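Colleague: Sending over query_28.tsv (TSV, C-alpha atoms).
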chain	number	residue	atom	x	y	z
O	16	MET	CA	-56.74	-55.60	-45.09
O	17	ASP	CA	-60.00	-53.98	-44.03
O	18	ASP	CA	-60.60	-50.23	-43.79
O	19	LYS	CA	-59.70	-50.13	-40.09
O	20	ASP	CA	-56.32	-51.83	-40.66
O	21	PHE	CA	-55.67	-49.59	-43.66
O	22	GLU	CA	-56.21	-46.44	-41.59
O	23	ALA	CA	-54.14	-47.86	-38.73
O	24	LEU	CA	-51.20	-48.45	-41.05
O	25	LYS	CA	-51.39	-44.94	-42.51
O	26	THR	CA	-51.62	-43.47	-38.99
O	27	LEU	CA	-48.55	-45.45	-37.93
O	28	LEU	CA	-46.52	-44.28	-40.95
O	29	GLU	CA	-47.46	-40.65	-40.38
O	30	GLY	CA	-46.86	-40.78	-36.64
O	31	GLU	CA	-43.46	-42.48	-36.85
O	32	PHE	CA	-42.09	-41.01	-40.07
O	33	GLY	CA	-44.32	-38.07	-41.00
O	34	LEU	CA	-45.28	-39.75	-44.27
O	35	SER	CA	-48.44	-38.56	-45.96
O	36	LEU	CA	-49.67	-41.33	-48.24
O	37	LYS	CA	-53.03	-40.00	-49.35
O	38	ALA	CA	-52.37	-41.09	-52.94
O	39	HIS	CA	-51.79	-44.71	-51.91
O	40	THR	CA	-54.79	-46.99	-52.22
O	41	ARG	CA	-55.49	-49.92	-49.94
O	42	GLU	CA	-54.62	-52.25	-52.82
O	43	THR	CA	-51.25	-50.53	-53.28
O	44	PHE	CA	-50.44	-50.91	-49.60
O	45	MET	CA	-51.40	-54.56	-49.59
O	46	ARG	CA	-49.33	-55.35	-52.68
O	47	LYS	CA	-46.24	-53.76	-51.14
O	48	ILE	CA	-46.70	-55.23	-47.65
O	49	GLN	CA	-47.64	-58.75	-48.76
O	50	PRO	CA	-43.98	-59.89	-49.15
O	51	ARG	CA	-43.35	-58.88	-45.53
O	52	LEU	CA	-46.33	-60.92	-44.32
O	53	GLN	CA	-44.97	-63.90	-46.21
O	54	ALA	CA	-41.44	-63.39	-44.87
O	55	LEU	CA	-42.73	-63.17	-41.30
O	56	ARG	CA	-45.21	-66.04	-41.84
O	57	MET	CA	-48.20	-63.93	-40.92
O	58	ASN	CA	-51.71	-64.39	-42.21
O	59	SER	CA	-53.21	-60.92	-41.95
O	60	MET	CA	-52.47	-57.21	-41.77
O	61	LYS	CA	-54.00	-57.16	-38.29
O	62	GLU	CA	-51.35	-59.64	-37.13
O	63	TYR	CA	-48.61	-57.52	-38.74
O	64	LEU	CA	-49.83	-54.32	-37.06
O	65	HIS	CA	-49.98	-56.07	-33.69
O	66	TYR	CA	-46.39	-57.25	-34.21
O	67	LEU	CA	-45.19	-53.72	-35.02
O	68	ALA	CA	-46.91	-52.25	-31.98
O	69	ASN	CA	-46.10	-54.86	-29.36
O	70	ASP	CA	-43.16	-57.09	-30.24
O	71	PRO	CA	-39.73	-55.90	-28.94
O	72	LEU	CA	-38.12	-57.60	-31.94
O	73	SER	CA	-40.07	-55.45	-34.40
O	74	LYS	CA	-37.88	-52.33	-34.11
O	75	LEU	CA	-35.83	-53.15	-37.22
O	76	GLU	CA	-38.98	-53.98	-39.15
O	77	LEU	CA	-40.50	-50.66	-38.13
O	78	HIS	CA	-37.40	-48.70	-39.17
O	79	ASP	CA	-37.45	-50.35	-42.60
O	80	LEU	CA	-41.21	-50.04	-43.08
O	81	PRO	CA	-40.97	-46.88	-45.27
O	82	SER	CA	-38.66	-48.69	-47.69
O	83	PHE	CA	-41.30	-51.36	-48.20
O	84	ILE	CA	-43.91	-48.71	-49.02
O	85	MET	CA	-41.92	-45.98	-50.80
O	86	ASN	CA	-39.68	-46.02	-53.84
O	87	THR	CA	-36.21	-45.30	-52.38
O	88	GLU	CA	-34.28	-45.91	-55.61
O	89	SER	CA	-32.22	-42.96	-56.86
O	90	TYR	CA	-29.28	-42.33	-59.16
O	91	PHE	CA	-25.98	-40.47	-59.11
O	92	LEU	CA	-25.79	-36.75	-59.89
O	93	ARG	CA	-29.58	-36.47	-59.90
O	94	GLU	CA	-30.88	-32.93	-60.60
O	95	PHE	CA	-27.43	-31.94	-61.81
O	96	THR	CA	-28.15	-28.21	-62.12
O	97	GLN	CA	-28.36	-28.10	-58.33
O	98	PHE	CA	-24.94	-29.72	-58.04
O	99	GLU	CA	-23.51	-27.14	-60.47
O	100	LEU	CA	-24.78	-24.34	-58.23
O	101	PHE	CA	-23.53	-26.18	-55.15
O	102	LEU	CA	-20.00	-26.23	-56.59
O	103	GLU	CA	-20.08	-22.49	-57.22
O	104	LEU	CA	-21.29	-21.79	-53.69
O	105	TYR	CA	-18.73	-24.24	-52.32
O	106	LYS	CA	-15.89	-22.34	-54.03
O	107	GLN	CA	-17.18	-19.05	-52.65
O	108	LYS	CA	-17.43	-20.52	-49.17
O	109	ARG	CA	-13.85	-21.82	-49.33
O	110	LYS	CA	-12.58	-18.34	-50.13
O	111	SER	CA	-14.61	-16.84	-47.31
O	112	LYS	CA	-13.43	-19.46	-44.83
O	113	VAL	CA	-9.77	-18.92	-45.70
O	114	LEU	CA	-10.15	-15.24	-44.80
O	115	HIS	CA	-11.36	-16.33	-41.37
O	116	THR	CA	-8.63	-19.01	-41.02
O	117	ASP	CA	-11.32	-21.69	-40.99
O	118	LYS	CA	-10.63	-24.63	-43.31
O	119	SER	CA	-13.58	-26.84	-42.42
O	120	ILE	CA	-16.78	-27.49	-44.38
O	121	THR	CA	-19.60	-29.78	-43.25
O	122	ILE	CA	-22.27	-31.10	-45.60
O	123	LEU	CA	-25.37	-33.12	-44.71
O	124	SER	CA	-27.39	-35.35	-47.01
O	125	ALA	CA	-30.67	-35.72	-45.07
O	126	GLY	CA	-32.70	-38.67	-46.25
O	127	CYS	CA	-29.65	-40.09	-48.04
O	128	SER	CA	-31.28	-43.48	-48.71
O	129	GLU	CA	-28.76	-45.79	-50.43
O	130	GLY	CA	-26.00	-43.18	-50.64
O	131	GLN	CA	-26.21	-41.92	-54.20
O	132	GLU	CA	-26.48	-38.28	-53.10
O	133	PRO	CA	-23.60	-38.05	-50.58
O	134	TYR	CA	-21.36	-40.07	-52.89
O	135	SER	CA	-22.24	-37.71	-55.75
O	136	ILE	CA	-21.13	-34.79	-53.57
O	137	ALA	CA	-17.87	-36.55	-52.69
O	138	MET	CA	-17.12	-37.34	-56.34
O	139	LEU	CA	-17.79	-33.76	-57.43
O	140	LEU	CA	-15.52	-32.31	-54.73
O	141	ARG	CA	-12.73	-34.75	-55.53
O	142	ASN	CA	-13.00	-33.77	-59.19
O	143	GLN	CA	-12.43	-30.06	-58.52
O	144	SER	CA	-9.14	-28.32	-59.23
O	145	GLU	CA	-9.01	-26.93	-55.70
O	146	PRO	CA	-7.07	-29.43	-53.53
O	147	LEU	CA	-8.87	-31.05	-50.60
O	148	HIS	CA	-5.57	-31.54	-48.74
O	149	GLY	CA	-5.38	-29.36	-45.67
O	150	TRP	CA	-9.15	-29.03	-45.46
O	151	ASP	CA	-11.50	-30.77	-43.07
O	152	ILE	CA	-14.35	-31.71	-45.41
O	153	LYS	CA	-17.03	-33.73	-43.61
O	154	ILE	CA	-19.95	-35.27	-45.51
O	155	LEU	CA	-22.73	-36.85	-43.46
O	156	GLY	CA	-25.49	-39.13	-44.73
O	157	LEU	CA	-28.59	-39.42	-42.51
O	158	ASP	CA	-31.42	-41.90	-42.94
O	159	ILE	CA	-33.77	-43.99	-40.83
O	160	ASN	CA	-33.65	-46.99	-43.17
O	161	LEU	CA	-31.02	-49.41	-41.86
O	162	MET	CA	-31.12	-51.57	-44.99
O	163	ALA	CA	-30.52	-48.54	-47.20
O	164	LEU	CA	-27.59	-47.42	-45.02
O	165	GLU	CA	-26.08	-50.90	-45.17
O	166	LYS	CA	-26.22	-50.81	-48.95
O	167	ALA	CA	-24.73	-47.32	-48.98
O	168	ARG	CA	-21.77	-48.43	-46.88
O	169	GLY	CA	-21.21	-51.37	-49.23
O	170	GLY	CA	-20.86	-49.06	-52.23
O	171	VAL	CA	-22.13	-51.56	-54.85
O	172	TYR	CA	-24.72	-50.39	-57.37
O	173	SER	CA	-26.41	-51.62	-60.51
O	174	SER	CA	-25.94	-49.80	-63.79
O	175	TYR	CA	-29.43	-48.36	-63.25
O	176	SER	CA	-28.05	-46.08	-60.51
O	177	LEU	CA	-25.44	-44.80	-62.98
O	178	ARG	CA	-28.00	-43.80	-65.58
O	179	GLY	CA	-27.89	-40.06	-64.91
O	180	PRO	CA	-26.01	-37.24	-66.63
O	181	ASN	CA	-22.22	-37.01	-66.78
O	182	THR	CA	-21.72	-40.78	-66.83
O	183	ASP	CA	-18.05	-40.24	-67.70
O	184	LEU	CA	-17.54	-38.56	-64.32
O	185	ILE	CA	-19.54	-41.25	-62.54
O	186	GLU	CA	-17.75	-44.18	-64.15
O	187	ARG	CA	-14.36	-42.68	-63.26
O	188	TYR	CA	-14.98	-43.71	-59.66
O	189	PHE	CA	-16.46	-47.18	-60.27
O	190	GLN	CA	-15.16	-50.60	-61.22
O	191	ARG	CA	-17.25	-53.44	-62.61
O	192	THR	CA	-17.86	-56.16	-60.02
O	193	THR	CA	-19.78	-59.36	-59.39
O	194	THR	CA	-21.30	-59.93	-55.98
O	195	ALA	CA	-24.17	-61.86	-54.47
O	196	THR	CA	-26.16	-58.61	-54.25
O	197	CYS	CA	-26.04	-57.94	-57.97
O	198	ALA	CA	-29.41	-58.21	-59.69
O	199	THR	CA	-29.11	-60.33	-62.83
O	200	PRO	CA	-28.96	-59.45	-65.66
O	201	ARG	CA	-27.97	-55.93	-64.64
O	202	LYS	CA	-24.30	-55.04	-64.49
O	203	CYS	CA	-22.99	-54.01	-61.08
O	204	PHE	CA	-20.28	-51.57	-60.14
O	205	ARG	CA	-18.26	-51.01	-56.95
O	206	LEU	CA	-17.45	-47.48	-55.85
O	207	ASN	CA	-13.88	-46.35	-55.24
O	208	PRO	CA	-12.97	-47.13	-51.57
O	209	GLU	CA	-11.67	-43.58	-51.07
O	210	ILE	CA	-15.09	-42.19	-51.95
O	211	ILE	CA	-16.85	-44.72	-49.69
O	212	SER	CA	-14.63	-43.86	-46.72
O	213	SER	CA	-15.23	-40.12	-47.17
O	214	ILE	CA	-18.86	-40.40	-46.01
O	215	GLU	CA	-19.98	-40.75	-42.39
O	216	TYR	CA	-23.40	-42.40	-42.21
O	217	VAL	CA	-25.75	-41.68	-39.33
O	218	HIS	CA	-28.89	-43.63	-38.49
O	219	GLY	CA	-31.66	-41.31	-37.40
O	220	ASN	CA	-35.15	-39.96	-37.93
O	221	ILE	CA	-35.23	-36.64	-39.75
O	222	LEU	CA	-38.32	-35.68	-37.73
O	223	HIS	CA	-36.17	-35.42	-34.60
O	224	PRO	CA	-33.98	-32.33	-33.97
O	225	LEU	CA	-30.60	-32.79	-35.65
O	226	VAL	CA	-28.82	-30.68	-33.04
O	227	LEU	CA	-29.65	-33.29	-30.40
O	228	ARG	CA	-27.42	-35.69	-32.38
O	229	GLY	CA	-24.59	-33.17	-32.45
O	230	ILE	CA	-25.36	-32.21	-36.05
O	231	SER	CA	-25.18	-28.42	-36.27
O	232	ASN	CA	-23.50	-25.42	-37.91
O	233	LEU	CA	-23.79	-27.12	-41.31
O	234	ASP	CA	-22.45	-25.27	-44.35
O	235	PHE	CA	-24.68	-27.17	-46.79
O	236	ILE	CA	-27.77	-29.31	-46.32
O	237	PHE	CA	-29.28	-31.45	-49.06
O	238	CYS	CA	-32.80	-32.57	-48.19
O	239	ARG	CA	-34.14	-33.33	-51.62
O	240	ASN	CA	-37.35	-35.13	-52.55
O	241	VAL	CA	-38.18	-35.76	-48.90
O	242	LEU	CA	-40.64	-33.01	-47.98
O	243	MET	CA	-42.93	-33.94	-50.87
O	244	TYR	CA	-43.84	-37.19	-49.08
O	245	MET	CA	-44.47	-35.58	-45.71
O	246	SER	CA	-47.60	-34.37	-44.00
O	247	ASN	CA	-47.80	-30.61	-43.43
O	248	LYS	CA	-47.14	-31.08	-39.73
O	249	ALA	CA	-44.09	-33.27	-40.36
O	250	ALA	CA	-42.74	-30.88	-43.02
O	251	ASP	CA	-42.92	-28.02	-40.51
O	252	ARG	CA	-41.01	-30.07	-37.92
O	253	ILE	CA	-38.36	-30.98	-40.48
O	254	ALA	CA	-38.02	-27.37	-41.65
O	255	LEU	CA	-37.38	-26.20	-38.07
O	256	SER	CA	-34.86	-29.00	-37.52
O	257	LEU	CA	-32.98	-28.02	-40.70
O	258	TRP	CA	-33.07	-24.34	-39.71
O	259	GLU	CA	-31.55	-25.14	-36.32
O	260	ALA	CA	-28.79	-27.28	-37.85
O	261	LEU	CA	-27.84	-24.91	-40.68
O	262	ALA	CA	-25.04	-22.39	-40.16
O	263	ASP	CA	-26.03	-18.71	-40.37
O	264	ASP	CA	-24.29	-18.46	-43.74
O	265	GLY	CA	-25.19	-21.98	-44.87
O	266	TYR	CA	-27.27	-23.15	-47.83
O	267	LEU	CA	-30.19	-25.58	-48.04
O	268	PHE	CA	-31.06	-27.53	-51.20
O	269	ILE	CA	-34.45	-29.21	-51.50
O	270	GLY	CA	-35.94	-31.03	-54.48
O	271	GLN	CA	-36.58	-28.98	-57.62
O	272	SER	CA	-40.30	-29.80	-57.39
O	273	GLU	CA	-40.46	-28.81	-53.70
O	274	THR	CA	-40.72	-25.39	-52.06
O	275	LEU	CA	-40.26	-23.71	-48.69
O	276	ARG	CA	-41.74	-20.39	-49.77
O	277	LYS	CA	-44.44	-20.76	-47.10
O	278	ARG	CA	-41.69	-20.92	-44.46
O	279	ARG	CA	-40.15	-17.51	-45.05
O	280	ASP	CA	-40.05	-17.17	-41.27
O	281	LEU	CA	-37.25	-19.76	-41.39
O	282	PHE	CA	-35.73	-19.59	-44.87
O	283	GLU	CA	-35.11	-16.99	-47.54
O	284	PRO	CA	-35.23	-18.31	-51.14
O	285	LEU	CA	-32.41	-17.27	-53.46
O	286	ALA	CA	-33.20	-17.64	-57.16
O	287	PHE	CA	-30.51	-18.68	-59.64
O	288	PRO	CA	-31.05	-19.73	-63.29
O	289	GLY	CA	-33.09	-22.94	-63.06
O	290	VAL	CA	-32.39	-23.43	-59.34
O	291	THR	CA	-33.69	-22.06	-56.04
O	292	VAL	CA	-31.56	-22.46	-52.93
O	293	TYR	CA	-32.46	-21.39	-49.39
O	294	LYS	CA	-30.56	-19.41	-46.80
O	295	LYS	CA	-31.31	-19.15	-43.12
O	296	ASN	CA	-33.52	-16.29	-41.97
O	297	ARG	CA	-31.32	-15.08	-39.12
O	298	GLN	CA	-34.04	-12.84	-37.72
O	299	THR	CA	-35.98	-15.92	-36.69
O	300	SER	CA	-35.75	-17.30	-33.17
O	301	ALA	CA	-35.90	-21.07	-32.75
O	302	SER	CA	-38.16	-20.59	-29.76
Let's see the structure in the file written out as structure tokens.
Modeller:
Amino acid sequence: MDDKDFEALKTLLEGEFGLSLKAHTRETFMRKIQPRLQALRMNSMKEYLHYLANDPLSKLELHDLPSFIMNTESYFLREFTQFELFLELYKQKRKSKVLHTDKSITILSAGCSEGQEPYSIAMLLRNQSEPLHGWDIKILGLDINLMALEKARGGVYSSYSLRGPNTDLIERYFQRTTTATCATPRKCFRLNPEIISSIEYVHGNILHPLVLRGISNLDFIFCRNVLMYMSNKAADRIALSLWEALADDGYLFIGQSETLRKRRDLFEPLAFPGVTVYKKNRQTSAS
């Protein structure tokens, strides 16, 4: 990979996915892309870039390109203090909705990767004392990575994905399993089918307006540890897309190491002990 090919690859990743990879060296890129060159029987990065740009069969490869470059591995109930706040806000929202004879709540996990986040939400809600019966609770998982979505729908994970806090709650919804996708010598676990079926997965690019896909009036949005990888331009586009899709009284969770304080035109930060959540600035016009 020469300097020209290196810059071309970074330009492609930023243009298609908004990824800012300034910290990645040329050697890092080459090490991560090399398995794809071998799989496709290509001899150079130039040949690979030409394939991505010109071959009609390369669409799947292009969609999965970020997963070859980025670390998409996560675990259940990650950043648990945010989930604790989410549950409190969820209970308040239920009470408010009952007063308005509305028994529907819609939650989006944007950049859901392999499904650990939306499944964590589903497990937490199922574990609450408030019954779900009679409520229309919709949980959406959105990601551009088709391979990650396929794994999410399968609901099989290694013990490494169950390493987080509250493992007793996590393991309540899993059974040990052996499948061809299990990585030896790790133990693998299959998620409860009821939890799997409670998530609707959507393939899409978070850079594009969510409302154009019919995703709007969301009560909760989780878009955690996504913005930190984006260019400033892409982060602004994503912030506007999330603002448009969020209900006026909805809540947005981003990663604990991320911030939207520079986008007060769109979102108002609300500080809780150890957690900041964002509400929609209703004085803002999408135009």
Colleague: I'd like to know which of O:Leu24, O:Leu64, O:Ile253, O:Val241 is closest to Gly270 of chain O, using all atoms listed in the file.
Modeller: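 Using all atoms listed in the file, the shortest distance to Gly270 of chain O belongs to O:Val241.
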Colleague: Taking 5 positions as the minimum chain separation for residues in the same chain, which residues sit within 9 Å of segment 273-277 of chain O when counting all atoms listed in the file? Answer as a compact mmCIF listing (two decimals) with C-alpha atoms, in the coordinates of the input.
Modeller:
# COMPACT_ATOMS: atom_id res chain seq x y z
CA ARG O 239 -34.14 -33.33 -51.62
CA ASN O 240 -37.35 -35.13 -52.55
CA VAL O 241 -38.18 -35.76 -48.90
CA LEU O 242 -40.64 -33.01 -47.98
CA MET O 243 -42.93 -33.94 -50.87
CA ALA O 254 -38.02 -27.37 -41.65
CA PHE O 282 -35.73 -19.59 -44.87
CA GLU O 283 -35.11 -16.99 -47.54
CA PRO O 284 -35.23 -18.31 -51.14
CA THR O 291 -33.69 -22.06 -56.04
CA TYR O 293 -32.46 -21.39 -49.39
Colleague: Do you know which residues are at most 9 Å from segment 42-53 of chain O counting all atoms listed in the file, after dropping those on the same chain fewer than 3 positions away, and could you put them as a list of chain:residue names?
Modeller: O:Met16, O:Phe21, O:Leu24, O:His39, O:Arg56, O:Met57, O:Asn58, O:Ser59, O:Met60, O:Glu62, O:Tyr63, O:Leu80, O:Phe83, O:Ile84, O:Met85
Colleague: Using all atoms listed in the file for the distances, tell me which of O:Glu259, O:Glu88, O:Glu186, O:Asp17 is nearest to Lys294 of chain O.
Modeller: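 Looking only at the distances to Lys294 of chain O, the closest residue turns out to be O:Glu259.
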Colleague: Using atom CA of Ser119 of chain O and atom CA of Arg297 of chain O as the two end points, give the distance in Å to one decimal.
Modeller: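 Going from atom CA of Ser119 of chain O over to atom CA of Arg297 of chain O, I get 21.5 Å.
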Colleague: Can you tell me how far atom CA of Gly289 of chain O sits from atom CA of Ser213 of chain O, in Å to one decimal?
Modeller: 29.4 Å
Colleague: Compare O:Thr96, O:Ser173, O:Ser135, O:Phe189 by their minimum atom-to-atom distance to Leu206 of chain O, counting only C-alpha atoms, and give me the closest one.
Modeller: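 Of all the options, O:Phe189 lies closest to Leu206 of chain O.
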Colleague: With a distance cut-off of 7 Å and all atoms listed in the file, select the neighbouring residues of Glu215 of chain O, excluding the residue or stretch itself and same-chain residues fewer than 6 positions from it, and output the selection as a ChimeraX atom specification.
Modeller: /O:154-156
